[in-house]
Each structure stands twice: as structure tokens, then as C-alpha cells.
Amino acid sequence: MRILLPFIIMTLALPVSSWSMAFDVTNSSDGGYVIAGATGLNYKWSYAWLIKVDSQGNEIWNKTYSGECRSQAWNVVRVKDGYVLGGVTGCHGNDAWIVKVDESGNVVWQKKYGYKGKGDSATSIVGEGRGVVASITIAPCNGSCINEDVWLVKLDGDGKEVWKRVFNCRDYDSIKRLKRTSDGGYIGVGTVGDYIGGIRPYSNYDLWVLKVDGSGREEWSKVFDFGFDDTAWDVTEVGDGYIVVGEAWNTDVKNFTNASNAVKAVILKLDRDGNLEWKKFVELGKVTVGWSVITDNGNITVAGSGGGENGSFVWVSAMGKWLKVLRGNFTFLWFVFGTIRTLKVSDGYILISSKECNGACVWLSKLNFDGKLVWERIYAGLKDIKFGVKERERSSSFSDTVVLILAVAILMAYLIYRMT
């Protein structure tokens, strides 16, 4: 056993592969883009990450932001005097986390909501002048809540709360994407589910659409059931209603492995009152998910992710015109199979996702209006970390993590030595 001690120490002290993921993208004030994501050792130990690039995807700056242990930027919006990111931070529980930065990525203020629940997070934000309206998924108690609610919170440009609205539809409620509507209100899409307990405490997810006025008060709420578990990931307004995209499971989680077409993308057309006018499904492999939708002059473009026997892929469809499938070593989160986000620009589309690159990296690409790939860029995290938050409540760094790993390795080696 003592002969093996050096190898045990070496194995435990080996560097951990870096992990990075893109979650959102927005236009910058100078014609480029700002990408929001996370980078770190893994999904549970990560920093929120912003990457500023020019119109050709060339990096201008990238900065990381540290809250507590797991910190991730799930969305980013441009406001009049900078950008606001929303996401999650926490160690043994999570809090919804909202951070405002200036044009150079320096922190202006940050705010947390939550009770250290497993799902507490700022899932979507909409810019409002210098401030934002945020959709927060939260378990509203300090104990073992069995329900998670939605809070819509309006913050002014200084981070002060203007109003808060609470929505409790079922045991689990979550708005995954919130958009401003032409009538001055907001529309949110996501999912609702039932509590069953256990490791995966919620099930029977149904697709949820919520319409509120400019003060966050409910106008209507609709739930759609297309399969075992349904979730909406994006929404956009059209002349006479809304287009919603997401996913519908053809099987339950236990039978996922054996199902040939386990998950399909769903595209819905709703009228102004939320009534279903038509629906379409897309199945391109074992898993197909609709993640993003853009409309322009009546044209609908949907983007999503998928995977099957031939590996993972990103797909883009100008509905009724063309379908483009981009194959590669894309990396997606389990159960949500994403993320994919898009922007429409003057001569095409901007897409973000994540790809394998000796770990996982952020992927940015541009397609023309015919779906042809114009260029693509890869951004590696971890090695280029530049700290952007100095006034954090709980400071941590990767050098601290390496020291901790070494200390654990030495302790384990010592214990093994004493036992032999």
C-alpha cells in the first residue's frame, strides 16, 4: 500500500479539466456582442463570465465574477449605462443573483434574492432604462419548502426595488424567458410541475405562458401539456400574438435511454389572449429541443439543440424555407439540453452555444440569411481568468482550490499510511 502512496497523491493533485458554458448573448453599445456564461472547475464550482467581442467575434475583454462557490451568468441585457447579468450563486444552496456592470465590465452593484434553496436563481431579465425587470425562481422559506414560486422584481438603475409580484401556479413554477411586449407589459414562458420528492423532486412538467401588465400584474396564464415533461425556453411577439418554443418529452426519465425519440422540439403559435392557434414538432434525433425564436416581417426563425447516434448538434430553421444542422462536439446540460441563443443582425444571425475543447468552451458563430456558416469563434475559460468583482462577500480563487485539493490529498495519504 505504501508503494502506491506517491501515485495516490499524484492522482488526487492532478489539475482538473476546465469547464465553460455559454448561456446568453446581447448586443453591445458599439456594434459588437456581450456573451454571458460561466467558467471554472465544473458546473458546481464556477465563476460567472462575461465576454465582450466586436462584430467579427474578436475578443475585446473577458471578466469573471465571483459570488459563492457556484456563480453563473444565465442571462445578460444591455441597459443605458452598461449591462446587467442575472443568474445564480451559492455553496450549499443557491440564491438568485443580479449584477450590474459598466461598459467596461466593472461592477456597479449586485443584489441577491433567496433562501439558499436548490433552485433559487434569476432565470431571465429585461432591460428597463438603467434598470431591469427580473424573473426569479425561488423556494420562499428557510426550511424544506416543497414549492418553488416565481417572483417578478423591478429594480431601478441603482439596484433599488421598485415592485415585486409573486406567482404560485403549481408546486414548481419557473419562468425561463421574459420579454417586453408592445403593449408595455411582459410575457414569460417556462414550466410548472408537481412535487414528488426524492433526488429529482419535481415531475409532470407542463409548458407555462404568463402575460402581465407593465406593473407585473397578471393578465392571463396558460398551461399546455404535450408529453411527460414540457418546458418553454423562448418567446417572441408577432403581429397577432406570440411564438413560443421549447421541448416536450415523449417518455419519462426512467425510460429515456431506451427511447429512440425521447425529446422533441415544440413550436406554438398563440393569439393575443394566449389561446393555441397551431403547434408544430421537430424531431431530428433522439433529442431535439427548441431554444430560441426570432421573428421579422412575418418570418419565423427557430434555433435549438439536439443529439443522437451521430453526436450532438445545433439546428436552425427558417420555417418553411430551410433547415440547417451544424454538427460538432457541442456540450449541453443534462435535462435541458442547451443552451442555444440567437440574435438577428443586419446580414444574418448570431448564435451562441458551448463546445468541447480540452474541457468545454464558449462557441459563437454567424450565419447568413440562407443558413450558411460565415464564421465561428471559440473562447476558452479558466486560463484567462481576470477577476471583475473585488467587493464579494465570499472570496475564492482557483489557486485556493488547488491548495485545498493538495491538502486533502496529503491528508488521505497520511491516513492510508497510518492504516498500513
# chains A, B, ... in the order shown; residues from 1 in each chain; ligands from 1
$ residues_around --residues "A:Gly290" --least-positions-apart "5" --cutoff "7 Å" --atoms "only C-alpha atoms" --output "list in words"
Val245, Gly246, Glu247, Ala265, Val266, Val302, Ala303, Gly304 and Ser305 of chain A
$ write_last_selection --atoms "C-alpha atoms" --output "PDB file, in the first residue's frame"
ATOM      1  CA  VAL A 245     -40.520  27.356 -28.485  1.00  0.00           C
ATOM      2  CA  GLY A 246     -39.379  24.623 -26.131  1.00  0.00           C
ATOM      3  CA  GLU A 247     -39.310  20.880 -25.575  1.00  0.00           C
ATOM      4  CA  ALA A 265     -38.892  20.440 -30.068  1.00  0.00           C
ATOM      5  CA  VAL A 266     -42.236  22.188 -29.827  1.00  0.00           C
ATOM      6  CA  VAL A 302     -36.070  28.891 -34.654  1.00  0.00           C
ATOM      7  CA  ALA A 303     -32.797  27.564 -33.244  1.00  0.00           C
ATOM      8  CA  GLY A 304     -32.191  24.655 -30.946  1.00  0.00           C
ATOM      9  CA  SER A 305     -30.018  21.758 -29.903  1.00  0.00           C
TER      10      SER A 305
END
$ residues_around --residues "A:Met21" --least-positions-apart "5" --cutoff "10 Å" --atoms "only C-alpha atoms" --output "PyMOL selection string"
chain A and resi 36-40+42-43+48-49+72-74+331-333+338-339+352-356+360-363+379-381
$ closest_residue --among "A:Thr64, A:Asn329, A:Ser20, A:Thr26" --to "A:Ile125" --atoms "only C-alpha atoms"
A:Thr26
$ residues_around --residues "A:Asn147" --least-positions-apart "2" --cutoff "8 Å" --atoms "only C-alpha atoms" --output "list in words"
Ala139, Pro140, Cys145, Asp149, Arg170, Asp171, Tyr172 and Tyr195 of chain A
$ select_by_dssp --residues "stretch 54-174 of chain A" --states "strand (DSSP E or B)" --output "ChimeraX atom specification"
/A:59-65,69-79,82-90,94-101,107-117,121-128,131-138,148-155,161-167,172-174
$ atom_distance --atom1 "atom CA of A:Gly57" --atom2 "atom CA of A:Ile350"
9.8 Å
$ closest_residue --among "A:Tyr205, A:Tyr186, A:Phe335, A:Trp322" --to "A:Thr231" --atoms "only C-alpha atoms"
A:Tyr205
$ residues_around --residues "A:Gly185" --least-positions-apart "3" --cutoff "7 Å" --atoms "only C-alpha atoms" --output "JSON, numbers by chain"
{"A": [180, 181, 212, 213, 214]}
$ residues_around --residues "A:Gly93" --least-positions-apart "6" --cutoff "6 Å" --atoms "only C-alpha atoms" --output "VMD selection string"
chain A and resid 116 to 118
$ write_last_selection --atoms "C-alpha atoms" --output "short mmCIF file (atom, residue, chain, number, x, y, z; two decimals), in the first residue's frame"
data_model
loop_
_atom_site.label_atom_id
_atom_site.label_comp_id
_atom_site.auth_asym_id
_atom_site.auth_seq_id
_atom_site.Cartn_x
_atom_site.Cartn_y
_atom_site.Cartn_z
CA LYS A 116 -30.45 29.03 -0.12
CA GLY A 117 -32.85 26.71 -1.92
CA LYS A 118 -31.71 24.28 -4.59
#
$ closest_residue --among "A:Asp252, A:Glu161, A:Asp229, A:Asp240" --to "A:Gly193" --atoms "only C-alpha atoms"
A:Asp229
$ decode --residues "stretch 48-59 of chain A" --atoms "all heavy atoms" --output "short mmCIF file (atom, residue, chain, number, x, y, z; two decimals), in the first residue's frame"
data_model
loop_
_atom_site.label_atom_id
_atom_site.label_comp_id
_atom_site.auth_asym_id
_atom_site.auth_seq_id
_atom_site.Cartn_x
_atom_site.Cartn_y
_atom_site.Cartn_z
N ALA A 48 -19.19 33.34 -12.72
CA ALA A 48 -19.93 33.99 -13.79
C ALA A 48 -18.93 34.64 -14.74
O ALA A 48 -17.87 35.10 -14.32
CB ALA A 48 -20.89 35.02 -13.22
N TRP A 49 -19.28 34.70 -16.02
CA TRP A 49 -18.30 35.09 -17.04
C TRP A 49 -18.97 35.96 -18.09
O TRP A 49 -20.04 35.61 -18.62
CB TRP A 49 -17.75 33.83 -17.69
CG TRP A 49 -16.55 33.98 -18.57
CD1 TRP A 49 -15.66 35.01 -18.60
CD2 TRP A 49 -16.10 33.04 -19.55
NE1 TRP A 49 -14.68 34.77 -19.53
CE2 TRP A 49 -14.93 33.57 -20.13
CE3 TRP A 49 -16.58 31.82 -20.00
CZ2 TRP A 49 -14.22 32.91 -21.13
CZ3 TRP A 49 -15.88 31.16 -21.00
CH2 TRP A 49 -14.71 31.69 -21.55
N LEU A 50 -18.39 37.12 -18.37
CA LEU A 50 -18.81 37.97 -19.47
C LEU A 50 -17.66 38.10 -20.47
O LEU A 50 -16.51 38.30 -20.08
CB LEU A 50 -19.21 39.37 -18.99
CG LEU A 50 -20.48 39.53 -18.17
CD1 LEU A 50 -20.75 41.00 -17.90
CD2 LEU A 50 -21.68 38.88 -18.85
N ILE A 51 -18.00 37.96 -21.76
CA ILE A 51 -17.01 38.12 -22.83
C ILE A 51 -17.52 39.21 -23.77
O ILE A 51 -18.62 39.11 -24.31
CB ILE A 51 -16.82 36.83 -23.63
CG1 ILE A 51 -16.59 35.63 -22.71
CG2 ILE A 51 -15.67 36.98 -24.63
CD1 ILE A 51 -16.67 34.29 -23.41
N LYS A 52 -16.74 40.25 -23.95
CA LYS A 52 -17.09 41.33 -24.87
C LYS A 52 -16.30 41.13 -26.16
O LYS A 52 -15.08 40.98 -26.14
CB LYS A 52 -16.72 42.69 -24.24
CG LYS A 52 -16.85 43.89 -25.17
CD LYS A 52 -18.29 44.24 -25.42
CE LYS A 52 -18.40 45.64 -26.04
NZ LYS A 52 -17.63 45.82 -27.27
N VAL A 53 -17.02 41.08 -27.31
CA VAL A 53 -16.37 40.87 -28.61
C VAL A 53 -16.86 41.94 -29.59
O VAL A 53 -17.89 42.58 -29.37
CB VAL A 53 -16.68 39.46 -29.16
CG1 VAL A 53 -16.22 38.38 -28.19
CG2 VAL A 53 -18.16 39.30 -29.48
N ASP A 54 -16.10 42.11 -30.69
CA ASP A 54 -16.54 43.04 -31.72
C ASP A 54 -17.48 42.33 -32.69
O ASP A 54 -17.88 41.18 -32.47
CB ASP A 54 -15.34 43.66 -32.45
CG ASP A 54 -14.49 42.64 -33.21
OD1 ASP A 54 -14.98 41.53 -33.50
OD2 ASP A 54 -13.33 42.96 -33.54
N SER A 55 -17.84 43.00 -33.78
CA SER A 55 -18.84 42.46 -34.70
C SER A 55 -18.38 41.22 -35.43
O SER A 55 -19.19 40.48 -36.00
CB SER A 55 -19.24 43.53 -35.73
OG SER A 55 -18.11 43.94 -36.48
N GLN A 56 -17.04 40.95 -35.44
CA GLN A 56 -16.49 39.76 -36.07
C GLN A 56 -16.14 38.67 -35.07
O GLN A 56 -15.53 37.66 -35.43
CB GLN A 56 -15.25 40.13 -36.89
CG GLN A 56 -15.52 41.13 -38.01
CD GLN A 56 -16.52 40.60 -39.01
OE1 GLN A 56 -16.38 39.49 -39.53
NE2 GLN A 56 -17.57 41.39 -39.28
N GLY A 57 -16.50 38.89 -33.81
CA GLY A 57 -16.23 37.89 -32.79
C GLY A 57 -14.86 37.96 -32.17
O GLY A 57 -14.49 37.07 -31.40
N ASN A 58 -14.09 39.01 -32.46
CA ASN A 58 -12.77 39.15 -31.86
C ASN A 58 -12.91 39.67 -30.42
O ASN A 58 -13.59 40.68 -30.19
CB ASN A 58 -11.91 40.12 -32.68
CG ASN A 58 -11.73 39.64 -34.11
OD1 ASN A 58 -11.29 38.53 -34.35
ND2 ASN A 58 -12.11 40.48 -35.07
N GLU A 59 -12.26 39.02 -29.50
CA GLU A 59 -12.41 39.36 -28.09
C GLU A 59 -11.84 40.74 -27.77
O GLU A 59 -10.72 41.07 -28.17
CB GLU A 59 -11.74 38.30 -27.22
CG GLU A 59 -11.92 38.53 -25.73
CD GLU A 59 -11.24 37.48 -24.88
OE1 GLU A 59 -11.44 36.28 -25.16
OE2 GLU A 59 -10.52 37.86 -23.94
#
